[in-house]
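Below: the structure, in structure tokens.
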Amino acid sequence: MCDTWLARRPDTVTLSDADRYKGRELAGRVLSAVDEFSGVLVQETVEALTECVRRCTPDLAFRLLLRALSMRSDSLSPHHLRLSKEQYARLTRLGGEFRYGEYVVTDIEHLVDA
């Protein structure tokens, strides 16, 4: 249905290969990342992210995980969620494998312990 609608639009941008990339081969690593933060995130969030990896795309689930970590930190204020340098490095490497630009994972850099 979306493809039909888009085909009728003269101003539709053609997606590049990077834009179409869903990262299916990274599903296990995204599930591991979700599991790593299961003690910090609300159980319903963990379940939703796990389902997203399996039924949607690992790419979307990983982006939502990053957002959930940021939101969880805000909800714990003034005792913000803290990430270790190692956790942040793993998330950054995974973001690199998803071909993210430099600002996707760095949005949570403020959560890293100094």
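Chain labels A, B, ... are given in the sequence in which chains occur in the structure tokens; within each chain residues are numbered consecutively from 1, and ligands are likewise numbered from 1 in the order shown.
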Practice task
Find the residues around A:Arg82 up to 9 Å (only C-alpha atoms counted), leave out those fewer than 6 positions away in its own chain, and share them as a list in words.
Solution key: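 These residues fall inside the cut-off: Ser73, His110, Leu111, Val112 and Asp113 of chain A.
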Selection from above, N, CA, C and O atoms, as a PDB file, in the first residue's frame, can you write it?
```pdb
ATOM      1  N   SER A  73      17.015   7.410  31.786  1.00  0.00           N
ATOM      2  CA  SER A  73      17.906   8.282  32.536  1.00  0.00           C
ATOM      3  C   SER A  73      17.157   9.523  33.009  1.00  0.00           C
ATOM      4  O   SER A  73      17.279   9.927  34.161  1.00  0.00           O
ATOM      5  N   HIS A 110      26.248  11.412  26.978  1.00  0.00           N
ATOM      6  CA  HIS A 110      26.195  12.091  28.280  1.00  0.00           C
ATOM      7  C   HIS A 110      25.900  11.130  29.433  1.00  0.00           C
ATOM      8  O   HIS A 110      26.097  11.485  30.594  1.00  0.00           O
ATOM      9  N   LEU A 111      25.500   9.901  29.125  1.00  0.00           N
ATOM     10  CA  LEU A 111      25.206   8.909  30.164  1.00  0.00           C
ATOM     11  C   LEU A 111      26.450   8.139  30.607  1.00  0.00           C
ATOM     12  O   LEU A 111      26.381   7.366  31.567  1.00  0.00           O
ATOM     13  N   VAL A 112      27.570   8.342  29.916  1.00  0.00           N
ATOM     14  CA  VAL A 112      28.778   7.578  30.211  1.00  0.00           C
ATOM     15  C   VAL A 112      29.475   8.120  31.447  1.00  0.00           C
ATOM     16  O   VAL A 112      29.653   9.340  31.593  1.00  0.00           O
ATOM     17  N   ASP A 113      29.865   7.183  32.328  1.00  0.00           N
ATOM     18  CA  ASP A 113      30.643   7.562  33.510  1.00  0.00           C
ATOM     19  C   ASP A 113      31.951   8.185  33.077  1.00  0.00           C
ATOM     20  O   ASP A 113      32.612   7.684  32.174  1.00  0.00           O
TER      21      ASP A 113
END
```
Exercise for the section: Mind checking which residues fall within 8 Å of A:Thr57, counting only C-alpha atoms, ignoring those fewer than 5 positions away in the same chain, and posting them as a ChimeraX atom specification? Expected result: /A:22-24,27,52
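The residue set within 10 Å of A:Thr106, counting only C-alpha atoms and dropping same-chain residues fewer than 3 places from it, reads Leu66, Tyr88, Leu91, Thr92, Gly95, Gly101, Glu102, Tyr103, Glu109, His110 and Leu111 of chain A.
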